[in-house]
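To start, the structure under review is shown below, and the notes come after it.
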Amino acid sequence: MAVMDVLRQIEEKWRKAWEEARIFEADPDPNRKKCMVTFPFSYMNGPLHVGHGFTATRVDAYVRFKRMQGYNVLFPWAWHWTGETIAGASERIKDGDEEFIHALRDIDGVSEENLKKFVDPTYMASYYTKVSRKAVKRMGFSIDWRREFHTTSLCPTFSKFIEWQCERLHEKGYIVQGTYPVVWCPRCESPTGDHDRQVGEGVAPEEYVLMKFKMGDAYLPAATFRPETIYGVTNMWIHPDADYVKAQVNGEQWVISEIAANKLEEQKRKIAIISKFKGREIIGKHFVSPLNNRKMLVLPGWFVSPSNATGVVYSVPAHAPFDWVALRDLQGKPELLKEFGIDADSVKKIQPISMIRVDGFGEHPAVEMVERMGVKDQYDLKAEEATKLLYKKEFHSGVLKDICGEHSGKMVSEMKESLIQDFKEKGFADSMHDLPQPVVCRCLTPCVVKILEDQWFLKYSDEAWKEKAKEALSKASVYPKSAIQWFLNIIDWLREWPCARKTGLGTPLPWSPGWIVETLTDSTVYMAFYTINKHIKQYDIKAAQLSHEVFDYLFYGRGDVKKVAEKSRVNRQVLESMRSEFLYWYPLDLRVSAKELVPNHLTFFLFHHAALFPKHLPKAIGVNGVLSIEGKKMSKSKGNFVTLRSALDQYGADATRCALLLGGEGMGDPDWRSENVRDVRVKLKGFYNLANGVIETAREKKVGHLEEWLISVLQHRIKNVTENMEVLKTRTATENALFEVWNDFRWYARRKGKTDSKVLKHALETWVRLLAPFAPYVCEEIWNKIESDDFVSLAEWPRYDEQKVNLRAEEAESLIKNVLEDTSNILRATKMVPKKICYYSAAPWKWKAYLTALKKSTSAKITLNDLMKELMTHSDLKEMAKKVSKFARQIVDEANQMPDDKRNRLVKIESVDEHQTLREAESFFEGEFNAKIYVYGEEDPQRHDPKKKAELARPYRPAIYIE
RNA sequence: GCGGGGGUGUCCGAGUUAGGUCAAAGGAGACAGGCUUAGGACCUGUUGGCGUAGGCCUGCGUGGGUUCAAGUCCCACCCCCCGCACCA
């Protein structure tokens with residue numbers, strides 16, 4: 001039968017068997033230690049892919065491992081429907097977005113019939129939930145499905161839980177109202193996030209400082225990021241052909257571009273247009289500096305963009321390359337000024353005013369920069385680059401010169417904020433938000449910045465809350481440890497987080513109609529809901545019954561059960577059982593996610609647990625890398641998107657699981673390569689065959705050296721896999737459980753020449769259990785053939801048994817490996833075809849000297865002198881002092897440099913019977929080298945030793961002679 | 001820019017916390033042999049270079065340094081990936 005068929009049948013068989021036996025359903029059991037592990041519910045706007053599979057398989061492997069260790073393990077599952085994306089996807093289908101529909105049809109495998117129904121977001125979500133649930137089951141994840149749910153008001157009982165959660169946060173002052181600038185689509189009437197943009201990904205609103213220069217009865221609010229340069233102003237730039245307005249802005253008259261006036265209306269300004277005109281109409285007029293009433297000219301600047309901030313720009317030619325080039329353009333071409341009726345001389349007279357000192361530049365950095373880079377004129381693209389470079393330089397290392405009044409002598413980078421503050425207080429400055437680059441919504445509408453009022457925020461800026469989150473973090477184990485610093489940085493960096501939106505699926509904010517709880521907010525403490533959802537479903541408890549009092553009782557033990565039961569009409573015993581179930585399972589023992597959730601979900605998870613469940617803080621957090629596909633980032637549009645289902649169809653569950661697990665651990669990004677997965681599949685089939693062979697042929701009861709060796713090394717594998725699993729090093733664990741053990745078996749077979757030992761079958765029992773968390777299906781099948789009665793999924797995890805460790809057997813085996821290697825090496829170097837190979841084991845006195853040296857070097861480095869002194873206290877050695885001293889010279893360095901654990905091991909086992917060990921391996925060596933093997937003691941008078949090799953023998957290093 | 005993670009042999013990928021067992025696990029690929037004969041199957045071995053005796057040389061991003069000894073420690077530099085907010 002083909003590989004796939006056998007494995008597929010096995011999978012089907014055991015998936016059903018597990019389901020029927022309900023072995024993954026977990027109920028509280030006070031006699032057993034519990035372990036609750038979760039995987040973040042995934043968003044159902046598409047099918048699960050192998051990226052989900054990677055993290056989830058790590059979770060399941062851990063869960064299975066813990067279950068086998070005897071823990072009462074709960075692994076629940078749920079689905080995330082909250083947010084705008086599903087609704088947005090439906091919208092795109094309604095609009096007939098071909099590219100999008102194509103992706104759903106070809107990658108997700110959605111039928112035409114279903115596609116039509118996708119215009120209903122609820123249908124879409126439930127469709128993907130159904131498909132994904134099937135894939136999750138096929139993967140062999142050991143889930144208690146009785147606790148399953150999905151989010152949003154479409155699951156009213158869960159919605160009630162979210163309401164409760166929000167109320168409690170609100171009460172504690174962690175949800176507050178505030179006002180914030182956002183990128184806004186006027187057509188969609190909602191904020192436009194990065195993913196919803198056609199143009200302008202990554203563009204965020206920036207706050208421009210507006211320096212207000214008086215011009216007649218109005219102000220020219222010039223927009224800048226560098227308000228400190230006001231000390232170097234020489235003139236104003238206005239685009240002559242752009243549309244400007246004079247407008248009443250919050251009680252003042254401003255001259256700004258018409259576009260700017262519209263923008264300001266979205267930013268909480270009261271705007272009344274007084275007049276409209278082209279820019280040229282104010283060119284040639286004078287304005288004054290707010291600092292000292294210095295009079296300056298408004299000049300034509302064609303580089304000015306009316307759609308950037310106010311469309312009014314002040315000129316600092318000493319420090320701004322654009323300003324200098326534009327001024328130079330006018331000075332060099334007086335004819336440009338004619339049409340504006342400006343006197344060319346007065347423009348010629350304008351000199352750059354130097355006001356920042358910066359290393360590497362003289363008086364006028366902008367002038368130098370323009371010359372260095374050869375910027376031709378204000379239309380030259382290099383002007384932009386020059387501006388950026390100089391800005392950076394002056395910001396980081398610039399110092400304000402004496403003409404800057406009270407700010408003189410200060411570093412630009414250090415005084416900027418306080419200067420803005422100061423100017424605003426004095427009424428010289430104002431500000432506005434704008435986008436540094438154009439942003440266009442997916443609906444093709446250009447976006448603006450809108451100041452949103454009365455939004456609801458999670459107050460992550462709260463210092464006390466941050467402290468609690470950090471404490472929660474410090475109490476949790478984090479795997480890998482290197483993620484801790486990242487979490488700490490994120491906790492510090494987090495500020496207000498908008499926690500409600502106007503559109504999309506979700507739970508309405510209970511106290512503020514029209515707002516819907518945002519997706520990251522409703523996914524912070526929902527794991528607590530798993531503990532009680534079993535009862536909610538079992539007893540058909542309705543949402544209306546789940547009042548805040550009920551949750552308060554369940555989670556906090558607040559109130560009188562009798563009254564709570566009466567009021568909610570939930571049976572009292574049920575309530576009590578829910579309460580104790582929560583107390584049993586919570587806190588969470590482990591939550592694992594990909595690292596992309598560190599800056600948001602996982603940190604929020606900590607914050608919210610610290611706020612709502614301070615007595616039930618998560619015990620551990622696992623973070624892993626993000627899976628790529630054939631070396632590239634997974635993406636539907638690029639076509640390299642692998643759904644879990646397609647992986648299962650092609651490779652089966654065990655291979656998919658193992659390939660994912662072997663892909664990586666820690667924060668490194670694993671890679672999915674179909675070639676690899678195929679190889680893993682073949683490997684697993686090989687394992688299956690090997691195991692069957694061992695089971696069928698086992699009959700030899702005799703336990704010899706090699707059997708002892710195998711059982712001994714197996715102990716190290718057990719220890720290794722166990723220790724790595726404890727810290728979620730799933731890759732290392734899988735690698736050891738699959739390949740390293742395999743190699744042990746292989747070496748055994750090679751040495752022994754046959755595989756009919758019962759010990760081998762016994763070792764297989766251990767091996768199968770070690771591998772079961774990773775490849776549960778095939779292991780279940782083999783286990784069944786060995787044991788027949790129980791599930792390997794419930795079998796006892798192998799225990800490291802120090803009694804079974806046989807260091808002497810291990811050293812003896814490593815001696816054989818070394819001799820094998822040395823012999824091969826000699827054969828390679830000499831290109832001989834051996835007829836006869838002689839091995840000479842080291843003489844007893846050498847062993848004695850060797851062990852003396854090792855023991856002596858345990859505590860401190862030894863010298864040749866010291867060693868000799870000690871050796872000479874033995875009369876037998878003293879008789880052969882010359883030989884001994886020659887030998888001692890050889891071993892003193894070896895003893896000193898030997899790693900401690902190896903030295904300890906050798907000291908502990910005293911010595912191996914080298915001669916005997918080699919004798920026993922004679923037939924093995926004969927088979928390997930196809931030559932006659934002779935084993936002698938180095939001082940054996942009968943030895944065949946024409947080249948006098950025997951005396952070279954050292955402990956663990958027999959001398960070799962080949963002919 | 002800020003923050004996090006990385007750069008290892010043909011490729012993937014351990015090892016770096018505690019320097020020596022490291023020419024460097026394991027897997028893949030390649031090569032050779034077996035099996036058997038067309039199957040991308042299975043088993044075994046080899047896989048940095050050199051070498052007529054178990055050795056030597058070169059090597060873990062680059063350049064320095066510490067040490068008897070460095071992939072592992074210190075300093076400087078270069079390069080790659082990821083996150084940076086109203087979005088799941």
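Chain labels follow the order of the structure tokens: the first chain is A, the next B, and so on; residue numbering restarts at 1 in every chain, and ligands are counted from 1 in their shown order.
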Cut-off 8 Å: closest chain A/chain B atom pairs per residue, using only C-alpha atoms (C1' of nucleotides), as CSV:
```
residue,atom,partner,partner_atom,distance
A:Tyr43,CA,B:A88,C1',7.1
A:Gly83,CA,B:A88,C1',7.8
A:Thr85,CA,B:A88,C1',7.5
A:Val182,CA,B:C86,C1',7.4
A:Pro191,CA,B:C86,C1',6.7
A:Gly193,CA,B:C87,C1',6.0
A:Asp194,CA,B:C87,C1',7.0
A:His195,CA,B:C87,C1',7.0
A:Ala483,CA,B:G4,C1',7.8
A:Trp486,CA,B:G4,C1',5.9
A:Asn489,CA,B:G3,C1',7.2
A:Trp497,CA,B:C86,C1',7.3
A:Pro498,CA,B:C86,C1',5.5
A:Cys499,CA,B:C86,C1',7.9
A:Arg501,CA,B:C86,C1',8.0
A:Thr519,CA,B:A88,C1',7.4
A:Leu520,CA,B:A88,C1',7.9
A:Glu596,CA,B:G83,C1',7.0
A:Pro599,CA,B:G83,C1',7.2
A:Met667,CA,B:G5,C1',6.7
A:Gly668,CA,B:G5,C1',7.0
A:Asn676,CA,B:A28,C1',7.3
A:Glu735,CA,B:G26,C1',6.8
A:Phe739,CA,B:G26,C1',6.9
A:Glu740,CA,B:G26,C1',7.4
A:Asp822,CA,B:G54,C1',4.6
A:Thr823,CA,B:G54,C1',6.6
A:Asn825,CA,B:G54,C1',6.1
A:Ile826,CA,B:A53,C1',5.2
A:Ala829,CA,B:G51,C1',5.9
A:Thr830,CA,B:U52,C1',4.2
A:Lys831,CA,B:U52,C1',6.9
A:Gln897,CA,B:G20,C1',6.0
A:Met898,CA,B:G20,C1',6.8
A:Pro899,CA,B:G20,C1',6.2
A:Lys902,CA,B:U21,C1',6.7
A:Ile960,CA,B:G54,C1',7.9
A:Tyr961,CA,B:A53,C1',7.9
```
If you run DSSP over the backbone, which residues in region 63-102 of chain A end up strand (DSSP E)? Put them as a ChimeraX atom specification. /A:72-74,79-80
Those same residues - all heavy atoms - I'd like them written as a PDB file, in the first residue's frame.
```pdb
ATOM      1  N   ASN A  72      -4.009  16.495  34.766  1.00  0.00           N
ATOM      2  CA  ASN A  72      -5.355  16.628  34.238  1.00  0.00           C
ATOM      3  C   ASN A  72      -5.311  17.840  33.310  1.00  0.00           C
ATOM      4  O   ASN A  72      -5.214  18.973  33.758  1.00  0.00           O
ATOM      5  CB  ASN A  72      -6.325  16.863  35.400  1.00  0.00           C
ATOM      6  CG  ASN A  72      -7.767  16.820  34.950  1.00  0.00           C
ATOM      7  OD1 ASN A  72      -8.069  16.314  33.871  1.00  0.00           O
ATOM      8  ND2 ASN A  72      -8.652  17.352  35.774  1.00  0.00           N
ATOM      9  N   VAL A  73      -5.330  17.582  32.018  1.00  0.00           N
ATOM     10  CA  VAL A  73      -5.028  18.637  31.061  1.00  0.00           C
ATOM     11  C   VAL A  73      -6.275  19.133  30.341  1.00  0.00           C
ATOM     12  O   VAL A  73      -7.082  18.335  29.868  1.00  0.00           O
ATOM     13  CB  VAL A  73      -4.029  18.135  30.003  1.00  0.00           C
ATOM     14  CG1 VAL A  73      -3.770  19.224  28.978  1.00  0.00           C
ATOM     15  CG2 VAL A  73      -2.727  17.717  30.649  1.00  0.00           C
ATOM     16  N   LEU A  74      -6.395  20.444  30.263  1.00  0.00           N
ATOM     17  CA  LEU A  74      -7.492  21.045  29.503  1.00  0.00           C
ATOM     18  C   LEU A  74      -6.933  21.863  28.352  1.00  0.00           C
ATOM     19  O   LEU A  74      -6.155  22.787  28.540  1.00  0.00           O
ATOM     20  CB  LEU A  74      -8.335  21.952  30.409  1.00  0.00           C
ATOM     21  CG  LEU A  74      -9.448  22.732  29.690  1.00  0.00           C
ATOM     22  CD1 LEU A  74     -10.402  21.782  28.980  1.00  0.00           C
ATOM     23  CD2 LEU A  74     -10.199  23.626  30.659  1.00  0.00           C
ATOM     24  N   TRP A  79     -13.286  30.395  18.422  1.00  0.00           N
ATOM     25  CA  TRP A  79     -13.122  31.079  17.130  1.00  0.00           C
ATOM     26  C   TRP A  79     -13.390  32.568  17.274  1.00  0.00           C
ATOM     27  O   TRP A  79     -14.326  32.974  17.944  1.00  0.00           O
ATOM     28  CB  TRP A  79     -14.087  30.481  16.103  1.00  0.00           C
ATOM     29  CG  TRP A  79     -14.076  28.999  16.118  1.00  0.00           C
ATOM     30  CD1 TRP A  79     -14.945  28.188  16.795  1.00  0.00           C
ATOM     31  CD2 TRP A  79     -13.139  28.139  15.465  1.00  0.00           C
ATOM     32  NE1 TRP A  79     -14.614  26.873  16.590  1.00  0.00           N
ATOM     33  CE2 TRP A  79     -13.509  26.816  15.767  1.00  0.00           C
ATOM     34  CE3 TRP A  79     -12.041  28.354  14.638  1.00  0.00           C
ATOM     35  CZ2 TRP A  79     -12.815  25.709  15.282  1.00  0.00           C
ATOM     36  CZ3 TRP A  79     -11.352  27.261  14.147  1.00  0.00           C
ATOM     37  CH2 TRP A  79     -11.745  25.951  14.467  1.00  0.00           C
ATOM     38  N   HIS A  80     -12.592  33.344  16.581  1.00  0.00           N
ATOM     39  CA  HIS A  80     -12.708  34.792  16.698  1.00  0.00           C
ATOM     40  C   HIS A  80     -13.451  35.369  15.504  1.00  0.00           C
ATOM     41  O   HIS A  80     -13.008  35.200  14.367  1.00  0.00           O
ATOM     42  CB  HIS A  80     -11.296  35.392  16.789  1.00  0.00           C
ATOM     43  CG  HIS A  80     -11.268  36.707  17.472  1.00  0.00           C
ATOM     44  ND1 HIS A  80     -10.207  37.568  17.393  1.00  0.00           N
ATOM     45  CD2 HIS A  80     -12.169  37.313  18.275  1.00  0.00           C
ATOM     46  CE1 HIS A  80     -10.467  38.649  18.108  1.00  0.00           C
ATOM     47  NE2 HIS A  80     -11.647  38.515  18.651  1.00  0.00           N
TER      48      HIS A  80
END
```
How many Å separate CA of Arg717 (chain A) from CA of Val694 (chain A)?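 Going from CA of Arg717 (chain A) over to CA of Val694 (chain A), I get 19.4 Å.
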Rounded to one decimal, what separation in Å do you get between CA of Tyr688 (chain A) and CA of Asp801 (chain A)?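 Computing the Euclidean distance for CA of Tyr688 (chain A) and CA of Asp801 (chain A) yields 26.2 Å.
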Write out as a list in words the set of residues from region 450-481 of chain A that DSSP, computed on the backbone, places in helix (DSSP H, G or I).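 Taking region 450-481 of chain A and keeping helix (DSSP H, G or I) gives Glu463, Ala464, Trp465, Lys466, Glu467, Lys468, Ala469, Lys470, Glu471, Ala472, Leu473, Ser474 and Lys475 of chain A.
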Would you mind exporting the chosen residues as a compact mmCIF listing (two decimals), in the first residue's frame, restricted to N, CA and C atoms?
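selection.txt was written with the following content:
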```txt
# COMPACT_ATOMS: atom_id res chain seq x y z
N GLU A 463 0.40 54.33 34.89
CA GLU A 463 1.66 53.80 35.44
C GLU A 463 1.43 52.65 36.41
N ALA A 464 0.42 52.80 37.24
CA ALA A 464 0.16 51.74 38.23
C ALA A 464 -0.23 50.45 37.52
N TRP A 465 -1.02 50.61 36.46
CA TRP A 465 -1.42 49.42 35.70
C TRP A 465 -0.21 48.78 35.03
N LYS A 466 0.66 49.62 34.48
CA LYS A 466 1.89 49.10 33.86
C LYS A 466 2.66 48.28 34.89
N GLU A 467 2.74 48.81 36.10
CA GLU A 467 3.48 48.10 37.14
C GLU A 467 2.88 46.71 37.39
N LYS A 468 1.56 46.70 37.44
CA LYS A 468 0.89 45.40 37.67
C LYS A 468 1.16 44.43 36.53
N ALA A 469 1.17 44.98 35.32
CA ALA A 469 1.43 44.11 34.16
C ALA A 469 2.85 43.55 34.25
N LYS A 470 3.76 44.41 34.66
CA LYS A 470 5.16 43.94 34.78
C LYS A 470 5.28 42.87 35.86
N GLU A 471 4.53 43.07 36.92
CA GLU A 471 4.56 42.07 37.98
C GLU A 471 4.01 40.74 37.48
N ALA A 472 2.92 40.85 36.73
CA ALA A 472 2.34 39.63 36.16
C ALA A 472 3.37 38.93 35.28
N LEU A 473 4.08 39.74 34.50
CA LEU A 473 5.10 39.18 33.62
C LEU A 473 6.19 38.48 34.43
N SER A 474 6.60 39.15 35.50
CA SER A 474 7.72 38.59 36.27
C SER A 474 7.33 37.28 36.95
N LYS A 475 6.03 37.11 37.16
CA LYS A 475 5.59 35.88 37.81
C LYS A 475 5.40 34.74 36.83
```
